[in-house]
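S.K.: Handing you a structure now.
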Amino acid sequence: METATLGRDGPRVGRIGLGLAAIGRPAYITTDRAADLGRDRSMDALRARTWQLLDEAYASGVRYLDVARSYGSAEAFLSGWLASRADIHDVVVGSKWGYTYVGGWDTEAPVQEVKDLSLANFERQYAETRALLADHLRLYQVHSLTIESGAMDDEPLLAALARRRQDGLLIGITTTGPRQGDTIRRALEVQVDGVPLFSSVQATWNLLEPSAGPALSEASAAGWAVIVKEAVANGRLTHVGDAGGEGTPLGRAAASAHVTPDAIAIAAALAQPWVSVVLSGAATIEQLTSNLHAFDDGAAVEIADIAEPPEQYWAARSARPWT
């Protein structure tokens, strides 16, 4: 697998990482979730699925793994897998703080996660993450940072993050919404004691929503790691999605080239010169295998511009049900 450095001073990892958002909890917003997971979404079933995916990903060269405190039991599943694979020492884990999972393992819970970017929540969640992931944790990110959250003006919080940076932890942000670019540019300016605080951004970029590209290029030029999430738009850019299925521009391009739509979508993200890592959000071995074909099947395929206005894209994403 192709590799890249995670920012200017970070570790070297494979350019496709595995994110556990879709398999660490029973409910999420991905397309055709019932077909992916089946009827058994018990803790044991999702733990077993996670371990199978991690084994396959590692065997395929994946070395960057993405979790979060709000991804149900994803950190715990990963912790158990790492403990059971004592010979594995080269994986790099990025996690996030800021949301708390409150779904109670119930797909019909009216609220699945609650956001809180306070200092107290950072201290609590960092201790929880570190207890599970220990030294495998290399990157800790503010989850879905926005300008409106006020976190970038919270001096005690920024000082606490800087202390963890001084301990050797990479500190990053993740972004969401139609103003991702504004958030990234504001975060580039944040300093503590004259030193830039952040060194990584994980942002949504895909063929439907590429608007953050210019700001991500600026972040890369500043030495940041750039990690792309939702490269297949939560399943929309797959063969079962509304923007990747049969008859769509992406679907037709994939059929003509005898490749899968998701491989084209991920290859498009990998082709951006400012991208360090693109996350696969696979929930099945078949999806992971298909995503990894981006390296050999997807790169040469050209499709028409299918980008949507950012406000339209994010409104549609916000309306997706947790199932």
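Chain labels run A, B, ... following the order of the structure tokens; each chain numbers its residues from 1, and ligands are numbered from 1 in the order shown.
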Using only C-alpha atoms, what table do you get, as a Markdown table, when you list each residue of range 206-291 of chain A with an atom no more than 12 Å from range 174-177 of chain A, its nearest pair of atoms, and their distance in Å rounded to one decimal, rows by chain then rising number?
M.R.:
| residue | atom | partner | partner_atom | distance |
| --- | --- | --- | --- | --- |
| A:Glu209 | CA | A:Gly177 | CA | 10.0 |
| A:Pro210 | CA | A:Gly177 | CA | 11.7 |
| A:Ser211 | CA | A:Gly177 | CA | 10.3 |
| A:Ala212 | CA | A:Thr175 | CA | 9.6 |
| A:Ala215 | CA | A:Thr175 | CA | 11.5 |
| A:Leu216 | CA | A:Thr175 | CA | 10.8 |
| A:Ala225 | CA | A:Thr174 | CA | 11.5 |
| A:Val226 | CA | A:Thr174 | CA | 9.9 |
| A:Ile227 | CA | A:Thr174 | CA | 8.9 |
| A:Val228 | CA | A:Thr174 | CA | 9.6 |
| A:Lys229 | CA | A:Thr174 | CA | 9.2 |
| A:Glu230 | CA | A:Thr176 | CA | 10.5 |
S.K.: Keeping only C-alpha atoms, write the selected residues to a file as a PDB file, in the first residue's frame.
M.R.:
ATOM      1  CA  GLU A 209     -18.847  18.000  -1.447  1.00  0.00           C
ATOM      2  CA  PRO A 210     -15.345  19.182  -2.408  1.00  0.00           C
ATOM      3  CA  SER A 211     -15.691  22.744  -1.084  1.00  0.00           C
ATOM      4  CA  ALA A 212     -13.122  22.345   1.718  1.00  0.00           C
ATOM      5  CA  ALA A 215      -8.534  25.273   2.884  1.00  0.00           C
ATOM      6  CA  LEU A 216      -7.244  21.707   3.151  1.00  0.00           C
ATOM      7  CA  ALA A 225      -1.762  16.028   8.163  1.00  0.00           C
ATOM      8  CA  VAL A 226      -4.942  16.005   6.075  1.00  0.00           C
ATOM      9  CA  ILE A 227      -7.271  13.066   6.637  1.00  0.00           C
ATOM     10  CA  VAL A 228     -10.344  12.704   4.444  1.00  0.00           C
ATOM     11  CA  LYS A 229     -13.498  11.241   5.945  1.00  0.00           C
ATOM     12  CA  GLU A 230     -16.783  10.362   4.245  1.00  0.00           C
TER      13      GLU A 230
END
S.K.: Skip Glu128 in chain A itself and residues of its chain fewer than 4 positions away, then list as a ChimeraX atom specification all residues within 12 Å of it, counting only C-alpha atoms.
M.R.: /A:68-70,73,75-76,79,95-97,100,121-124,132-134,137
S.K.: Selection from above, C-alpha atoms, as a PDB file, in the first residue's frame, can you write it?
M.R.:
ATOM      1  CA  ALA A  68     -13.875   8.386  18.746  1.00  0.00           C
ATOM      2  CA  ARG A  69     -15.388   8.495  22.204  1.00  0.00           C
ATOM      3  CA  SER A  70     -18.821   8.806  20.587  1.00  0.00           C
ATOM      4  CA  SER A  73     -17.742   0.867  21.899  1.00  0.00           C
ATOM      5  CA  GLU A  75     -12.392   2.363  21.296  1.00  0.00           C
ATOM      6  CA  ALA A  76     -13.075  -0.643  23.520  1.00  0.00           C
ATOM      7  CA  SER A  79      -8.405  -1.925  22.586  1.00  0.00           C
ATOM      8  CA  SER A  95      -9.341   9.293  18.246  1.00  0.00           C
ATOM      9  CA  LYS A  96     -11.602  12.215  19.046  1.00  0.00           C
ATOM     10  CA  TRP A  97     -13.180  13.869  22.032  1.00  0.00           C
ATOM     11  CA  THR A 100     -20.551  11.420  24.199  1.00  0.00           C
ATOM     12  CA  ASN A 121     -15.302  17.022  29.020  1.00  0.00           C
ATOM     13  CA  PHE A 122     -11.893  17.017  27.362  1.00  0.00           C
ATOM     14  CA  GLU A 123     -10.173  15.976  30.580  1.00  0.00           C
ATOM     15  CA  ARG A 124     -12.745  13.229  31.238  1.00  0.00           C
ATOM     16  CA  LEU A 132      -8.186   2.067  26.536  1.00  0.00           C
ATOM     17  CA  LEU A 133      -5.607   2.854  23.868  1.00  0.00           C
ATOM     18  CA  ALA A 134      -2.478   3.696  25.870  1.00  0.00           C
ATOM     19  CA  LEU A 137      -2.959   6.780  20.634  1.00  0.00           C
TER      20      LEU A 137
END
S.K.: Which is closer to Asp66 in chain A than all the others in A:Gln141, A:Thr3, A:Gln52, A:Thr30, using only C-alpha atoms?
M.R.: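 The answer is A:Gln141, which sits nearest to Asp66 in chain A.
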S.K.: Write down as a PDB file with N, CA and C atoms, in the first residue's frame the residues belonging to range 89-260 of chain A that are assigned strand (DSSP E or B) by DSSP computed on the backbone.
M.R.:
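Now in out.pdb:
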ATOM      1  N   VAL A  92      -1.154   3.001  14.063  1.00  0.00           N
ATOM      2  CA  VAL A  92      -1.275   4.366  14.573  1.00  0.00           C
ATOM      3  C   VAL A  92      -2.762   4.649  14.752  1.00  0.00           C
ATOM      4  N   VAL A  93      -3.137   5.095  15.938  1.00  0.00           N
ATOM      5  CA  VAL A  93      -4.546   5.322  16.248  1.00  0.00           C
ATOM      6  C   VAL A  93      -4.808   6.807  16.424  1.00  0.00           C
ATOM      7  N   GLY A  94      -5.854   7.279  15.760  1.00  0.00           N
ATOM      8  CA  GLY A  94      -6.373   8.613  15.995  1.00  0.00           C
ATOM      9  C   GLY A  94      -7.755   8.500  16.612  1.00  0.00           C
ATOM     10  N   SER A  95      -8.012   9.282  17.644  1.00  0.00           N
ATOM     11  CA  SER A  95      -9.341   9.293  18.246  1.00  0.00           C
ATOM     12  C   SER A  95      -9.798  10.732  18.417  1.00  0.00           C
ATOM     13  N   LYS A  96     -10.993  10.888  18.943  1.00  0.00           N
ATOM     14  CA  LYS A  96     -11.602  12.215  19.046  1.00  0.00           C
ATOM     15  C   LYS A  96     -12.345  12.340  20.365  1.00  0.00           C
ATOM     16  N   TRP A  97     -12.395  13.559  20.846  1.00  0.00           N
ATOM     17  CA  TRP A  97     -13.180  13.869  22.032  1.00  0.00           C
ATOM     18  C   TRP A  97     -14.147  14.993  21.675  1.00  0.00           C
ATOM     19  N   TYR A  99     -17.840  14.522  21.718  1.00  0.00           N
ATOM     20  CA  TYR A  99     -19.181  13.949  21.719  1.00  0.00           C
ATOM     21  C   TYR A  99     -19.208  12.759  22.667  1.00  0.00           C
ATOM     22  N   THR A 100     -20.335  12.577  23.335  1.00  0.00           N
ATOM     23  CA  THR A 100     -20.551  11.420  24.199  1.00  0.00           C
ATOM     24  C   THR A 100     -21.664  10.563  23.606  1.00  0.00           C
ATOM     25  N   TYR A 101     -21.407   9.267  23.507  1.00  0.00           N
ATOM     26  CA  TYR A 101     -22.433   8.350  23.013  1.00  0.00           C
ATOM     27  C   TYR A 101     -23.479   8.145  24.099  1.00  0.00           C
ATOM     28  N   GLU A 113     -25.948  10.893  20.329  1.00  0.00           N
ATOM     29  CA  GLU A 113     -24.721  11.473  20.845  1.00  0.00           C
ATOM     30  C   GLU A 113     -24.965  12.931  21.226  1.00  0.00           C
ATOM     31  N   VAL A 114     -24.178  13.398  22.193  1.00  0.00           N
ATOM     32  CA  VAL A 114     -24.319  14.757  22.705  1.00  0.00           C
ATOM     33  C   VAL A 114     -22.959  15.443  22.642  1.00  0.00           C
ATOM     34  N   LYS A 115     -22.950  16.658  22.114  1.00  0.00           N
ATOM     35  CA  LYS A 115     -21.700  17.403  21.933  1.00  0.00           C
ATOM     36  C   LYS A 115     -21.410  18.295  23.133  1.00  0.00           C
ATOM     37  N   LEU A 137      -2.353   5.496  20.965  1.00  0.00           N
ATOM     38  CA  LEU A 137      -2.959   6.780  20.634  1.00  0.00           C
ATOM     39  C   LEU A 137      -1.877   7.773  20.249  1.00  0.00           C
ATOM     40  N   ARG A 138      -1.911   8.229  18.972  1.00  0.00           N
ATOM     41  CA  ARG A 138      -0.916   9.185  18.512  1.00  0.00           C
ATOM     42  C   ARG A 138      -1.524  10.523  18.136  1.00  0.00           C
ATOM     43  N   LEU A 139      -2.826  10.521  17.816  1.00  0.00           N
ATOM     44  CA  LEU A 139      -3.503  11.736  17.389  1.00  0.00           C
ATOM     45  C   LEU A 139      -4.821  11.853  18.141  1.00  0.00           C
ATOM     46  N   TYR A 140      -5.045  13.015  18.779  1.00  0.00           N
ATOM     47  CA  TYR A 140      -6.310  13.248  19.491  1.00  0.00           C
ATOM     48  C   TYR A 140      -6.913  14.526  18.923  1.00  0.00           C
ATOM     49  N   GLN A 141      -8.171  14.409  18.492  1.00  0.00           N
ATOM     50  CA  GLN A 141      -8.795  15.477  17.715  1.00  0.00           C
ATOM     51  C   GLN A 141     -10.024  16.055  18.406  1.00  0.00           C
ATOM     52  N   VAL A 142     -10.213  17.352  18.234  1.00  0.00           N
ATOM     53  CA  VAL A 142     -11.448  18.003  18.657  1.00  0.00           C
ATOM     54  C   VAL A 142     -12.524  17.603  17.654  1.00  0.00           C
ATOM     55  N   LEU A 170      -0.037  14.246  18.968  1.00  0.00           N
ATOM     56  CA  LEU A 170      -0.484  15.138  17.898  1.00  0.00           C
ATOM     57  C   LEU A 170      -1.894  15.610  18.226  1.00  0.00           C
ATOM     58  N   ILE A 171      -2.131  16.903  18.093  1.00  0.00           N
ATOM     59  CA  ILE A 171      -3.442  17.479  18.389  1.00  0.00           C
ATOM     60  C   ILE A 171      -4.051  17.968  17.079  1.00  0.00           C
ATOM     61  N   GLY A 172      -5.273  17.524  16.813  1.00  0.00           N
ATOM     62  CA  GLY A 172      -5.906  17.885  15.555  1.00  0.00           C
ATOM     63  C   GLY A 172      -7.353  18.288  15.737  1.00  0.00           C
ATOM     64  N   ILE A 173      -7.986  18.570  14.612  1.00  0.00           N
ATOM     65  CA  ILE A 173      -9.402  18.907  14.598  1.00  0.00           C
ATOM     66  C   ILE A 173     -10.102  18.052  13.554  1.00  0.00           C
ATOM     67  N   THR A 174     -11.413  17.872  13.715  1.00  0.00           N
ATOM     68  CA  THR A 174     -12.238  17.377  12.628  1.00  0.00           C
ATOM     69  C   THR A 174     -13.289  18.439  12.349  1.00  0.00           C
ATOM     70  N   GLN A 191      -2.649  29.601  18.308  1.00  0.00           N
ATOM     71  CA  GLN A 191      -1.345  29.349  18.904  1.00  0.00           C
ATOM     72  C   GLN A 191      -1.459  29.380  20.422  1.00  0.00           C
ATOM     73  N   VAL A 192      -0.582  28.643  21.063  1.00  0.00           N
ATOM     74  CA  VAL A 192      -0.445  28.696  22.518  1.00  0.00           C
ATOM     75  C   VAL A 192       1.027  28.952  22.815  1.00  0.00           C
ATOM     76  N   VAL A 195       3.227  29.046  19.721  1.00  0.00           N
ATOM     77  CA  VAL A 195       3.427  27.818  18.936  1.00  0.00           C
ATOM     78  C   VAL A 195       2.081  27.359  18.384  1.00  0.00           C
ATOM     79  N   PRO A 196       1.988  27.055  17.084  1.00  0.00           N
ATOM     80  CA  PRO A 196       0.729  26.545  16.546  1.00  0.00           C
ATOM     81  C   PRO A 196       0.269  25.303  17.319  1.00  0.00           C
ATOM     82  N   SER A 200      -3.168  18.701  12.513  1.00  0.00           N
ATOM     83  CA  SER A 200      -3.909  17.729  11.718  1.00  0.00           C
ATOM     84  C   SER A 200      -5.352  18.186  11.564  1.00  0.00           C
ATOM     85  N   VAL A 201      -5.940  17.861  10.407  1.00  0.00           N
ATOM     86  CA  VAL A 201      -7.356  18.100  10.198  1.00  0.00           C
ATOM     87  C   VAL A 201      -7.965  16.874   9.523  1.00  0.00           C
ATOM     88  N   GLN A 202      -9.105  16.460  10.018  1.00  0.00           N
ATOM     89  CA  GLN A 202      -9.895  15.400   9.390  1.00  0.00           C
ATOM     90  C   GLN A 202     -11.188  16.044   8.910  1.00  0.00           C
ATOM     91  N   ALA A 203     -11.399  16.051   7.612  1.00  0.00           N
ATOM     92  CA  ALA A 203     -12.510  16.795   7.036  1.00  0.00           C
ATOM     93  C   ALA A 203     -13.251  15.954   6.015  1.00  0.00           C
ATOM     94  N   THR A 204     -14.495  16.327   5.786  1.00  0.00           N
ATOM     95  CA  THR A 204     -15.275  15.707   4.714  1.00  0.00           C
ATOM     96  C   THR A 204     -14.857  16.312   3.379  1.00  0.00           C
ATOM     97  N   ALA A 225      -1.202  17.233   8.762  1.00  0.00           N
ATOM     98  CA  ALA A 225      -1.762  16.028   8.163  1.00  0.00           C
ATOM     99  C   ALA A 225      -3.186  16.347   7.727  1.00  0.00           C
ATOM    100  N   VAL A 226      -3.578  15.838   6.564  1.00  0.00           N
ATOM    101  CA  VAL A 226      -4.942  16.005   6.075  1.00  0.00           C
ATOM    102  C   VAL A 226      -5.552  14.626   5.888  1.00  0.00           C
ATOM    103  N   ILE A 227      -6.582  14.356   6.668  1.00  0.00           N
ATOM    104  CA  ILE A 227      -7.271  13.066   6.637  1.00  0.00           C
ATOM    105  C   ILE A 227      -8.672  13.300   6.089  1.00  0.00           C
ATOM    106  N   VAL A 228      -9.029  12.565   5.058  1.00  0.00           N
ATOM    107  CA  VAL A 228     -10.344  12.704   4.444  1.00  0.00           C
ATOM    108  C   VAL A 228     -11.289  11.661   5.012  1.00  0.00           C
ATOM    109  N   LYS A 229     -12.432  12.124   5.493  1.00  0.00           N
ATOM    110  CA  LYS A 229     -13.498  11.241   5.945  1.00  0.00           C
ATOM    111  C   LYS A 229     -14.683  11.356   4.987  1.00  0.00           C
TER     112      LYS A 229
END
S.K.: Record the distance separating CA of Val301 in chain A and CA of Asp242 in chain A, expressed in Å with one decimal.
M.R.: 19.4 Å
S.K.: Please identify all polymer residues within 7 Å of Trp224 in chain A, counting only C-alpha atoms, omitting same-chain residues fewer than 5 positions from it, and present them as a list in words.
M.R.: Gly7, Arg8, Ser199, Ser200 and Ala219 of chain A
S.K.: Please build the interface table for range 43-72 of chain A against range 283-297 of chain A with a cut-off of 12 Å, listing for each qualifying residue the nearest atom pair and the distance in Å to one decimal; count only C-alpha atoms, order rows by chain and increasing number, and write it as a tab-separated table.
M.R.:
residue	atom	partner	partner_atom	distance
A:Leu46	CA	A:Ala283	CA	9.7
A:Arg47	CA	A:Ala283	CA	11.8
A:Ala48	CA	A:Thr284	CA	11.5
A:Arg49	CA	A:Thr284	CA	7.7
A:Thr50	CA	A:Ala283	CA	8.2
A:Trp51	CA	A:Ile285	CA	10.9
A:Gln52	CA	A:Ile285	CA	7.8
A:Leu53	CA	A:Ile285	CA	6.1
A:Leu54	CA	A:Ile285	CA	9.6
A:Asp55	CA	A:Ile285	CA	9.9
A:Glu56	CA	A:Ile285	CA	7.3
A:Ala57	CA	A:Leu288	CA	7.5
A:Tyr58	CA	A:Leu288	CA	11.3
A:Ala59	CA	A:Thr289	CA	11.3
A:Ser60	CA	A:Leu292	CA	8.4
A:Gly61	CA	A:Leu292	CA	9.9
A:Val62	CA	A:Leu292	CA	9.5
S.K.: Take the residues from that selection and put them in a file with N, CA and C atoms, as a PDB file, in the first residue's frame.
M.R.:
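This went into again_25.pdb:
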ATOM      1  N   LEU A  46     -21.013  -7.021  16.984  1.00  0.00           N
ATOM      2  CA  LEU A  46     -20.254  -5.905  16.425  1.00  0.00           C
ATOM      3  C   LEU A  46     -18.781  -5.964  16.828  1.00  0.00           C
ATOM      4  N   ARG A  47     -18.509  -6.510  18.004  1.00  0.00           N
ATOM      5  CA  ARG A  47     -17.102  -6.702  18.381  1.00  0.00           C
ATOM      6  C   ARG A  47     -16.441  -7.698  17.424  1.00  0.00           C
ATOM      7  N   ALA A  48     -17.108  -8.801  17.162  1.00  0.00           N
ATOM      8  CA  ALA A  48     -16.547  -9.804  16.248  1.00  0.00           C
ATOM      9  C   ALA A  48     -16.361  -9.222  14.854  1.00  0.00           C
ATOM     10  N   ARG A  49     -17.328  -8.446  14.378  1.00  0.00           N
ATOM     11  CA  ARG A  49     -17.222  -7.828  13.059  1.00  0.00           C
ATOM     12  C   ARG A  49     -16.037  -6.860  13.025  1.00  0.00           C
ATOM     13  N   THR A  50     -15.879  -6.073  14.079  1.00  0.00           N
ATOM     14  CA  THR A  50     -14.776  -5.123  14.143  1.00  0.00           C
ATOM     15  C   THR A  50     -13.438  -5.836  14.084  1.00  0.00           C
ATOM     16  N   TRP A  51     -13.291  -6.894  14.838  1.00  0.00           N
ATOM     17  CA  TRP A  51     -12.023  -7.629  14.850  1.00  0.00           C
ATOM     18  C   TRP A  51     -11.730  -8.240  13.482  1.00  0.00           C
ATOM     19  N   GLN A  52     -12.758  -8.771  12.816  1.00  0.00           N
ATOM     20  CA  GLN A  52     -12.558  -9.337  11.482  1.00  0.00           C
ATOM     21  C   GLN A  52     -12.081  -8.268  10.501  1.00  0.00           C
ATOM     22  N   LEU A  53     -12.715  -7.108  10.556  1.00  0.00           N
ATOM     23  CA  LEU A  53     -12.315  -6.012   9.672  1.00  0.00           C
ATOM     24  C   LEU A  53     -10.902  -5.536   9.988  1.00  0.00           C
ATOM     25  N   LEU A  54     -10.572  -5.448  11.260  1.00  0.00           N
ATOM     26  CA  LEU A  54      -9.232  -5.017  11.640  1.00  0.00           C
ATOM     27  C   LEU A  54      -8.184  -6.021  11.163  1.00  0.00           C
ATOM     28  N   ASP A  55      -8.470  -7.302  11.290  1.00  0.00           N
ATOM     29  CA  ASP A  55      -7.529  -8.313  10.809  1.00  0.00           C
ATOM     30  C   ASP A  55      -7.315  -8.179   9.302  1.00  0.00           C
ATOM     31  N   GLU A  56      -8.405  -8.029   8.547  1.00  0.00           N
ATOM     32  CA  GLU A  56      -8.311  -7.924   7.097  1.00  0.00           C
ATOM     33  C   GLU A  56      -7.590  -6.633   6.709  1.00  0.00           C
ATOM     34  N   ALA A  57      -7.920  -5.534   7.385  1.00  0.00           N
ATOM     35  CA  ALA A  57      -7.278  -4.268   7.077  1.00  0.00           C
ATOM     36  C   ALA A  57      -5.779  -4.334   7.335  1.00  0.00           C
ATOM     37  N   TYR A  58      -5.395  -4.891   8.459  1.00  0.00           N
ATOM     38  CA  TYR A  58      -3.976  -4.972   8.790  1.00  0.00           C
ATOM     39  C   TYR A  58      -3.237  -5.829   7.777  1.00  0.00           C
ATOM     40  N   ALA A  59      -3.837  -6.952   7.402  1.00  0.00           N
ATOM     41  CA  ALA A  59      -3.208  -7.834   6.410  1.00  0.00           C
ATOM     42  C   ALA A  59      -3.059  -7.142   5.064  1.00  0.00           C
ATOM     43  N   SER A  60      -3.901  -6.144   4.793  1.00  0.00           N
ATOM     44  CA  SER A  60      -3.869  -5.418   3.525  1.00  0.00           C
ATOM     45  C   SER A  60      -2.964  -4.192   3.574  1.00  0.00           C
ATOM     46  N   GLY A  61      -2.327  -3.941   4.694  1.00  0.00           N
ATOM     47  CA  GLY A  61      -1.395  -2.830   4.800  1.00  0.00           C
ATOM     48  C   GLY A  61      -1.927  -1.597   5.495  1.00  0.00           C
ATOM     49  N   VAL A  62      -3.164  -1.649   5.976  1.00  0.00           N
ATOM     50  CA  VAL A  62      -3.727  -0.504   6.695  1.00  0.00           C
ATOM     51  C   VAL A  62      -3.029  -0.380   8.046  1.00  0.00           C
TER      52      VAL A  62
END
S.K.: So, counting only C-alpha atoms, which residue among A:Arg236, A:Met152, A:Ile266, A:Arg252 is closest to Arg317 in chain A?
M.R.: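 For Arg317 in chain A, the nearest of the candidates is A:Arg236.
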S.K.: Residues within 12 Å of Thr248 in chain A, please, as a PDB file with C-alpha atoms, in the first residue's frame. Count only C-alpha atoms; anything in the same chain fewer than 2 positions from it doesn't count.
M.R.:
ATOM      1  CA  ARG A 236     -24.218   7.780  -1.399  1.00  0.00           C
ATOM      2  CA  LEU A 237     -21.222   7.220  -3.710  1.00  0.00           C
ATOM      3  CA  THR A 238     -21.550   3.423  -3.732  1.00  0.00           C
ATOM      4  CA  HIS A 239     -23.467   1.061  -5.993  1.00  0.00           C
ATOM      5  CA  VAL A 240     -26.450   1.196  -3.599  1.00  0.00           C
ATOM      6  CA  GLY A 241     -26.372   4.977  -3.156  1.00  0.00           C
ATOM      7  CA  ASP A 242     -28.420   7.681  -4.831  1.00  0.00           C
ATOM      8  CA  ALA A 243     -25.289   9.217  -6.397  1.00  0.00           C
ATOM      9  CA  GLY A 244     -23.416   6.035  -7.297  1.00  0.00           C
ATOM     10  CA  GLY A 245     -26.057   3.558  -8.337  1.00  0.00           C
ATOM     11  CA  GLU A 246     -27.043   2.401 -11.794  1.00  0.00           C
ATOM     12  CA  LEU A 250     -20.697   7.840 -11.278  1.00  0.00           C
ATOM     13  CA  GLY A 251     -22.515   4.549 -11.751  1.00  0.00           C
ATOM     14  CA  ARG A 252     -22.215   4.756 -15.525  1.00  0.00           C
ATOM     15  CA  ALA A 253     -18.511   5.625 -15.320  1.00  0.00           C
ATOM     16  CA  ALA A 254     -17.907   2.699 -12.975  1.00  0.00           C
ATOM     17  CA  ALA A 255     -19.789   0.278 -15.211  1.00  0.00           C
ATOM     18  CA  PRO A 261     -18.207   3.482  -7.686  1.00  0.00           C
ATOM     19  CA  ILE A 303     -16.358  11.329 -14.408  1.00  0.00           C
ATOM     20  CA  ALA A 304     -18.397  14.464 -14.847  1.00  0.00           C
ATOM     21  CA  ASP A 305     -18.561  17.089 -12.104  1.00  0.00           C
ATOM     22  CA  ILE A 306     -21.306  15.943  -9.720  1.00  0.00           C
TER      23      ILE A 306
END
S.K.: With only C-alpha atoms as the counted atoms, please give the residues lying no more than 9 Å from range 154-159 of chain A, apart from itself and same-chain residues fewer than 4 positions off, as a ChimeraX atom specification.
M.R.: /A:117-120,122,150,163-164,190-193,197
S.K.: Distance CA of Ala231 in chain A-CA of Ala265 in chain A, one decimal place?
M.R.: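 CA of Ala265 in chain A lies 6.3 Å from CA of Ala231 in chain A.
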S.K.: How many Å separate CA of Ala222 in chain A from CA of Ala187 in chain A?
M.R.: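 The value is 11.5 Å.
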S.K.: Taking the DSSP secondary structure from the backbone, can you list the residues of range 59-221 of chain A that are helix (DSSP H, G or I), as a PyMOL selection string?
M.R.: chain A and resi 59+74-84+119-136+151-153+155-166+180-188+213-221
S.K.: May I have the residues from that selection written out with C-alpha atoms, as a compact mmCIF listing (two decimals), in the first residue's frame?
M.R.:
# COMPACT_ATOMS: atom_id res chain seq x y z
CA ALA A 59 -3.21 -7.83 6.41
CA ALA A 74 -15.30 1.41 19.02
CA GLU A 75 -12.39 2.36 21.30
CA ALA A 76 -13.08 -0.64 23.52
CA PHE A 77 -13.33 -2.99 20.53
CA LEU A 78 -10.04 -1.67 19.18
CA SER A 79 -8.40 -1.92 22.59
CA GLY A 80 -9.41 -5.57 22.86
CA TRP A 81 -8.12 -6.32 19.37
CA LEU A 82 -4.77 -4.69 20.11
CA ALA A 83 -4.45 -6.65 23.36
CA SER A 84 -5.17 -9.90 21.52
CA LEU A 119 -12.46 21.65 29.28
CA ALA A 120 -14.09 19.30 31.78
CA ASN A 121 -15.30 17.02 29.02
CA PHE A 122 -11.89 17.02 27.36
CA GLU A 123 -10.17 15.98 30.58
CA ARG A 124 -12.74 13.23 31.24
CA GLN A 125 -12.72 11.83 27.73
CA TYR A 126 -8.96 12.01 27.30
CA ALA A 127 -8.53 9.90 30.45
CA GLU A 128 -11.06 7.38 29.11
CA THR A 129 -9.38 7.18 25.71
CA ARG A 130 -5.88 6.89 27.13
CA ALA A 131 -6.98 4.12 29.50
CA LEU A 132 -8.19 2.07 26.54
CA LEU A 133 -5.61 2.85 23.87
CA ALA A 134 -2.48 3.70 25.87
CA ASP A 135 0.54 4.50 23.68
CA HIS A 136 -1.20 3.42 20.47
CA ALA A 151 -13.58 26.24 21.62
CA MET A 152 -10.88 28.14 19.72
CA ASP A 153 -11.36 31.07 22.11
CA GLU A 155 -7.90 29.67 26.67
CA PRO A 156 -7.95 27.09 29.51
CA LEU A 157 -9.02 24.41 27.03
CA LEU A 158 -6.35 25.40 24.53
CA ALA A 159 -3.73 25.33 27.29
CA ALA A 160 -4.82 21.82 28.29
CA LEU A 161 -4.57 20.65 24.68
CA ALA A 162 -1.12 22.24 24.42
CA ARG A 163 0.05 20.30 27.48
CA ARG A 164 -0.86 17.05 25.74
CA ARG A 165 0.96 18.23 22.64
CA GLN A 166 4.05 18.85 24.76
CA GLN A 180 -15.46 23.65 6.99
CA GLY A 181 -13.05 25.96 5.18
CA ASP A 182 -13.68 28.82 7.59
CA THR A 183 -13.06 26.53 10.56
CA ILE A 184 -9.82 25.18 9.12
CA ARG A 185 -8.46 28.65 8.39
CA ARG A 186 -9.35 29.86 11.88
CA ALA A 187 -7.69 26.79 13.42
CA LEU A 188 -4.52 27.45 11.44
CA GLY A 213 -10.38 21.56 -0.81
CA PRO A 214 -8.70 25.00 -0.92
CA ALA A 215 -8.53 25.27 2.88
CA LEU A 216 -7.24 21.71 3.15
CA SER A 217 -4.52 22.58 0.66
CA GLU A 218 -3.54 25.51 2.90
CA ALA A 219 -3.43 23.20 5.92
CA SER A 220 -1.19 20.77 4.08
CA ALA A 221 1.11 23.61 3.03
